[in-house]
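Working notes, beginning with the structure itself.
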Amino acid sequence: MKSKIEILINAVVDDYCGLKGATKPEGFAYDLHPPKDSQHGDLSCNVAFKLAKVTRQKPAEIAAGLMNLLEQKSAQDSFVEKMELAGGGFINFYLTKSGLGAVLLEIHKQDKNYGKSEFGKGKKVILEFVSANPTGPLTIAHGRQAAIGDCLARILKFTGHTVHSEYYLNDAGRQMRMLAQSVWARYNELLGMEMPFPEDGYQGDYVREIARDIIEKEKKDSLLKESEEKAVEYCGLYAVKYLMGSIEEDLAKMRVHFDNYFSEKTLYVKHEVEHALEVLKGRGYLYESEGALWFRSTDLGDDKDRVVKKSTGEYTYLAPDIAYHLSKYERGYNMLVNFWGPDHHGYIPRLKAACQVLGYPPEAIHIGTVQLTTLFRKGQPVRMSTRAGEFVTLRELYEEVGVDAARFFFVMRRQESHLDFDLDLAKEQSQENPVYYLQYAHARIASLAKYAEQGITTKVDLKRLATPEEAELIGCLSQFSDYLIQASRSTEPYRLADYLRQVAACFHKFYSHHRVVTEDQELTKARLLLADATRIVLRNGLELLGISQPESM
RNA sequence: GACCCCGUAGCUCAGUUGGAUAGAGCAUCAGCCUUCUAAGCUGAGGGUCGCGCGUUCGAAUCGCGCCGGGGUCGCCA
């Protein structure tokens, strides 16, 4: 219904501008959505306010002019009950009951596709997230990034983007060497050899487990016969394989999907780092100073130029990263989304600068951080320390609270905000737990199915859905696609979680005010259709969040 | 010192990118199950949207300046 009114308004705006001799600016936009207060109709439009700047008139005056034109055009339409001027320039639409309820037929028809859009048509997105170094198990922080990234991937696909999700695997560099040496040291230790543990080595128990694994499953003590260089290299490769196996298992359990794991090492092997620096050089963004190579990132908004190749001849972390992003560009992706930990915050300007040199327009680059999570137990923060090797892993978390609760809690807040994660609440099967609130609504509806003897039918009299609770619920359901587009545009999946809570709230309210199944067969059919439409929205939405949709609870 | 993020009810947070009288949940208090799932619903109390200017038809939202909290600033990764 909304789209029909939108078409109407667009036509009228054009006419009106023509009448006033004004030109509608490029990208002219206005709002049309259900107002907060249902007294203001079913759909409220602020187009007159927006036009005020164009025609330089008072909003109320414009609104009156638009109303005239609207009345002429919509005389033959049956879905608008009445239109009203209000609030100094708002145009409010009151839909007929069948006009309002028409969305239910649409939902029923589209079913699994309801909410899809072509918003992202033509956008090929490469979505990079988690990218945790394979130097230990995934932590809570990675868990949040994983949940948010995966939800966004699902949402972007649903709104018409082509999406490729990727994990950048840092399998080269200093941290890898350190890991290899740590494992090698533990290997020696387990075999009773004297060997000092590296100063900045990884202390966690898992390092010893990897060493033990090598001894038991692979090499026994044969590494001792190799040269140290070879032995350490072997330990490194084995450790990465071992840890990535564990990481991939965690991600699979969390229902997080990656289309690809991109190895940093291949960038060196294929000389893509040199290639990337050549590209920078060719475009005039590279210079030499103090024996090092610098990227002139200040030209593109960074506050300092950055070294890409040290005077020692080694690359900095930035060099392979530029090469990686060049690969993204060369693989044809025209939109970049990266989720990083908050510690990488200061790194964003330089990479954005690099991406612009590589060919991305600024508006195609979405690099954001996901803030940390603090776990709470019995009202007290759970202490986590990576250094001491005694941190709460992602695995411990989802084994304790379950994947549904973990995913929901991780995405329910704006990712730029710090998250307080209440473990007791997430486990509690009670009214306080927000994830159950949604699932409960779904289960309640599912239990109604047995009352629909011949199934859900669309041959219903929509006029029977006449109460405020029904109108509110229908209005809410009709906005699904809007919220998904918003979530896509802002790359913020929490907006979907928030919307679904609204849907559930509207449904619970409707359900407790009115009986669905009554003696009145016509009313029953109409309400069953409404309930089923709600089920479809909840199911599609929960699926996008990667949360199960129980039939009973 | 520079830059970034945050500041909304006692607590945790929304607020549809500038729209109408700022909303939820928790907590507190008072109610609702012989009828479809009470993991739910209804009602009450609770606010200088950190402070001050400005931009305009209109500001919690945008700009500038303060105050308060957090973070980042390596030829580390």
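Within each chain, counting starts at residue 1; across the structure tokens, chains are named A, B, ... in the order shown, with ligands numbered 1 upward in that order.
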
Chain A contacts to chain B at 7 Å (only C-alpha atoms (C1' of nucleotides)) as a PyMOL selection string:
chain A and resi 58-59+87+175+307+310-311+317+345-346+429-431+436-437+440+444+448+508-509+512+515-517

For those residues, write N, CA and C atoms to a file as a short mmCIF file (atom, residue, chain, number, x, y, z; two decimals), in the first residue's frame.
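result.cif was written with the following content:
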```
data_model
loop_
_atom_site.label_atom_id
_atom_site.label_comp_id
_atom_site.auth_asym_id
_atom_site.auth_seq_id
_atom_site.Cartn_x
_atom_site.Cartn_y
_atom_site.Cartn_z
N LYS A 58 5.65 28.42 2.96
CA LYS A 58 5.40 27.80 4.25
C LYS A 58 4.92 26.36 4.06
N PRO A 59 5.37 25.46 4.90
CA PRO A 59 5.00 24.05 4.77
C PRO A 59 3.48 23.85 4.68
N GLY A 87 -0.60 19.32 11.92
CA GLY A 87 0.71 19.66 12.48
C GLY A 87 1.52 20.63 11.66
N GLN A 175 53.93 -12.31 14.90
CA GLN A 175 53.13 -13.06 15.86
C GLN A 175 53.13 -14.55 15.55
N VAL A 307 54.70 4.60 7.37
CA VAL A 307 55.75 3.75 6.81
C VAL A 307 55.14 2.45 6.31
N LYS A 310 60.03 -0.69 6.25
CA LYS A 310 60.98 -0.15 7.23
C LYS A 310 62.37 -0.05 6.64
N SER A 311 63.20 0.72 7.34
CA SER A 311 64.58 0.88 6.87
C SER A 311 65.33 -0.45 6.93
N TYR A 317 52.87 -3.76 8.91
CA TYR A 317 51.60 -4.46 8.80
C TYR A 317 50.72 -3.85 7.71
N HIS A 345 41.08 1.10 16.00
CA HIS A 345 40.38 2.34 15.68
C HIS A 345 41.25 3.34 14.92
N GLY A 346 42.45 3.59 15.44
CA GLY A 346 43.32 4.60 14.85
C GLY A 346 43.88 4.19 13.50
N GLN A 429 15.51 -18.80 31.53
CA GLN A 429 14.37 -19.01 30.64
C GLN A 429 13.20 -18.27 31.26
N SER A 430 13.27 -16.96 31.20
CA SER A 430 12.23 -16.19 31.86
C SER A 430 11.84 -14.99 31.03
N GLN A 431 10.90 -14.29 31.55
CA GLN A 431 10.34 -13.13 30.86
C GLN A 431 11.38 -12.03 30.64
N TYR A 436 13.98 -14.84 24.42
CA TYR A 436 12.80 -15.68 24.60
C TYR A 436 11.53 -14.93 24.27
N TYR A 437 11.57 -13.65 24.47
CA TYR A 437 10.41 -12.81 24.17
C TYR A 437 10.03 -12.97 22.70
N TYR A 440 9.16 -16.77 21.94
CA TYR A 440 7.87 -17.09 22.54
C TYR A 440 6.73 -16.63 21.64
N ARG A 444 4.01 -19.17 20.18
CA ARG A 444 2.59 -18.95 20.43
C ARG A 444 1.79 -19.05 19.13
N LEU A 448 -1.06 -22.00 17.21
CA LEU A 448 -2.40 -21.68 16.69
C LEU A 448 -2.69 -22.48 15.42
N HIS A 508 2.15 -9.78 21.06
CA HIS A 508 1.75 -10.17 22.42
C HIS A 508 0.58 -9.31 22.89
N LYS A 509 0.65 -8.04 22.53
CA LYS A 509 -0.40 -7.11 22.93
C LYS A 509 -1.73 -7.51 22.28
N SER A 512 -3.11 -10.83 23.72
CA SER A 512 -3.71 -10.84 25.05
C SER A 512 -4.97 -9.99 25.11
N ARG A 515 -9.11 -12.75 21.32
CA ARG A 515 -9.00 -14.17 21.00
C ARG A 515 -8.90 -14.32 19.49
N VAL A 516 -8.04 -15.21 19.06
CA VAL A 516 -7.91 -15.47 17.64
C VAL A 516 -9.01 -16.42 17.19
N VAL A 517 -9.14 -17.52 17.92
CA VAL A 517 -10.10 -18.57 17.54
C VAL A 517 -11.40 -18.37 18.32
#
```

Test item, helix (DSSP H, G or I) assignment across region 205-433 of chain A, answer as number ranges by chain:
A: 205-219, 222-225, 228-253, 264-269, 272-282, 297-300, 318-330, 342-358, 362-364, 394-401, 403-411, 423-427

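Listed by chain and then by rising number, the residues of region 26-151 of chain A that DSSP assigns to strand (DSSP E or B) from the backbone are A:Leu32, A:His33, A:Leu43, A:Ser44, A:Cys45, A:Val80, A:Glu81, A:Lys82, A:Met83, A:Glu84, A:Leu85, A:Ala86, A:Phe90, A:Ile91, A:Asn92, A:Phe93, A:Tyr94, A:Leu95, A:Lys124, A:Val125, A:Ile126, A:Leu127, A:Glu128, A:Thr139.
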
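Going from CA of Tyr94 (chain A) over to CA of Leu528 (chain A), you cover 24.0 Å.
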
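Proximity to Ile155 (chain A) at 9 Å, evaluated using only C-alpha atoms (C1' of nucleotides) and with sequence-adjacent residues fewer than 3 positions away removed, yields A:Asp150, A:Cys151, A:Leu152, A:Phe158, A:Thr159, A:Gly160, A:His161, A:Leu484, A:Ile485, A:Ala487, A:Ser488, A:Pro493, A:Leu496, A:Leu544, A:Leu545.
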
Counting only C-alpha atoms, give me one row per residue of region 186-281 of chain A with an atom at most 12 Å from an atom of region 347-363 of chain A, showing the shortest contact pair and its distance in Å to one decimal, sorted by chain then residue number, as CSV.
```
residue,atom,partner,partner_atom,distance
A:His275,CA,A:Leu358,CA,11.7
A:Ala276,CA,A:Leu358,CA,8.7
A:Leu277,CA,A:Ala354,CA,10.5
A:Glu278,CA,A:Leu358,CA,11.2
A:Val279,CA,A:Leu358,CA,7.7
A:Leu280,CA,A:Val357,CA,7.1
A:Lys281,CA,A:Val357,CA,10.3
```

Would you put the residues from that selection into a file with N, CA and C atoms, as a PDB file, in the first residue's frame?
```
ATOM      1  N   HIS A 275      53.557  -5.517  -5.677  1.00  0.00           N
ATOM      2  CA  HIS A 275      52.620  -5.017  -6.690  1.00  0.00           C
ATOM      3  C   HIS A 275      51.801  -3.844  -6.140  1.00  0.00           C
ATOM      4  N   ALA A 276      51.313  -3.997  -4.919  1.00  0.00           N
ATOM      5  CA  ALA A 276      50.483  -2.944  -4.310  1.00  0.00           C
ATOM      6  C   ALA A 276      51.301  -1.666  -4.138  1.00  0.00           C
ATOM      7  N   LEU A 277      52.549  -1.834  -3.695  1.00  0.00           N
ATOM      8  CA  LEU A 277      53.389  -0.651  -3.500  1.00  0.00           C
ATOM      9  C   LEU A 277      53.707   0.017  -4.843  1.00  0.00           C
ATOM     10  N   GLU A 278      53.830  -0.806  -5.870  1.00  0.00           N
ATOM     11  CA  GLU A 278      54.028  -0.245  -7.216  1.00  0.00           C
ATOM     12  C   GLU A 278      52.832   0.633  -7.607  1.00  0.00           C
ATOM     13  N   VAL A 279      51.659   0.119  -7.284  1.00  0.00           N
ATOM     14  CA  VAL A 279      50.435   0.872  -7.605  1.00  0.00           C
ATOM     15  C   VAL A 279      50.441   2.212  -6.878  1.00  0.00           C
ATOM     16  N   LEU A 280      50.774   2.188  -5.585  1.00  0.00           N
ATOM     17  CA  LEU A 280      50.841   3.438  -4.811  1.00  0.00           C
ATOM     18  C   LEU A 280      51.862   4.390  -5.428  1.00  0.00           C
ATOM     19  N   LYS A 281      52.995   3.813  -5.786  1.00  0.00           N
ATOM     20  CA  LYS A 281      54.076   4.611  -6.353  1.00  0.00           C
ATOM     21  C   LYS A 281      53.634   5.239  -7.671  1.00  0.00           C
TER      22      LYS A 281
END
```

Can you pull out the residues contacting region 60-63 of chain A? Cut-off 6 Å, using only C-alpha atoms (C1' of nucleotides), and skip same-chain residues under 3 positions away; I want them as an MDAnalysis selection string.
chainID A and resid 48 66 88:89

Write to file, as a compact mmCIF listing (two decimals), in the first residue's frame, the residues of the selection just made, with C-alpha atoms.
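Just written: result27.txt:
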```
# COMPACT_ATOMS: atom_id res chain seq x y z
CA ALA A 48 5.66 19.47 2.48
CA LEU A 66 -0.38 19.01 -2.53
CA GLY A 88 1.58 22.58 10.27
CA GLY A 89 2.34 20.59 7.15
```

For region 67-73 of chain A, please output as number ranges by chain all residues within 10 Å (counting only C-alpha atoms (C1' of nucleotides); exclusion window: fewer than 3 positions along the same chain).
A: 5, 8-9, 11-13, 15-16, 61-64, 76-77, 82-85, 91

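Our summary of the geometry notes that CA of Val183 (chain A) is positioned 24.7 Å from CA of Thr316 (chain A).
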
List as a list in words the protein and nucleic acid residues near region 140-142 of chain A, meaning an atom at most 10 Å away when only C-alpha atoms (C1' of nucleotides) are counted, but skip any in the same chain fewer than 6 places from it.
Phe129, Val130, Ser131, Ala132, Ile148, Leu251, Trp340, Gly341, Pro342, Val370, Gln371, Leu372, Thr373, Thr374, Leu375, Met384, Phe391, Val392, Thr393, Leu394, Arg395, Glu396, Leu397, Tyr398, Ala406 and Phe410 of chain A

Include C-alpha atoms and write out the residues we just selected as a compact mmCIF listing (two decimals), in the first residue's frame.
```txt
# COMPACT_ATOMS: atom_id res chain seq x y z
CA PHE A 129 35.17 -9.65 9.80
CA VAL A 130 36.64 -11.59 12.73
CA SER A 131 40.03 -12.09 11.01
CA ALA A 132 41.42 -13.13 14.39
CA ILE A 148 27.41 -8.95 13.83
CA LEU A 251 32.32 -20.37 13.93
CA TRP A 340 37.55 -4.54 13.39
CA GLY A 341 38.21 -4.60 17.08
CA PRO A 342 38.26 -1.25 18.89
CA VAL A 370 32.88 -3.40 17.13
CA GLN A 371 33.23 -2.36 20.74
CA LEU A 372 34.14 -4.78 23.49
CA THR A 373 31.86 -6.91 25.57
CA THR A 374 31.94 -7.13 29.33
CA LEU A 375 30.48 -10.29 30.79
CA MET A 384 39.29 -11.39 31.47
CA PHE A 391 40.26 -15.59 29.43
CA VAL A 392 36.74 -16.61 28.73
CA THR A 393 36.66 -18.12 25.28
CA LEU A 394 33.79 -17.89 22.84
CA ARG A 395 33.34 -21.64 23.19
CA GLU A 396 32.87 -21.40 26.94
CA LEU A 397 30.27 -18.72 26.34
CA TYR A 398 28.07 -20.48 23.80
CA ALA A 406 24.75 -15.55 22.44
CA PHE A 410 25.87 -9.85 20.62
```

Just want the 7 Å neighbourhood of region 209-214 of chain A, counted on only C-alpha atoms (C1' of nucleotides), with same-chain residues fewer than 6 positions away dropped. Output as a ChimeraX atom specification.
/A:183,186-187,220,239

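The space between C1' of G50 (chain B) and C1' of G69 (chain B) spans 10.9 Å.
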
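When only C-alpha atoms (C1' of nucleotides) are used to compute distances to G65 (chain B), the closest of the residues B:A44, B:A27, B:C51, B:A9 turns out to be B:C51.
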
Across A:Cys506, A:Leu336, A:Leu500, A:Cys235, the smallest distance to Met178 (chain A), with only C-alpha atoms counted, is shown by A:Cys235
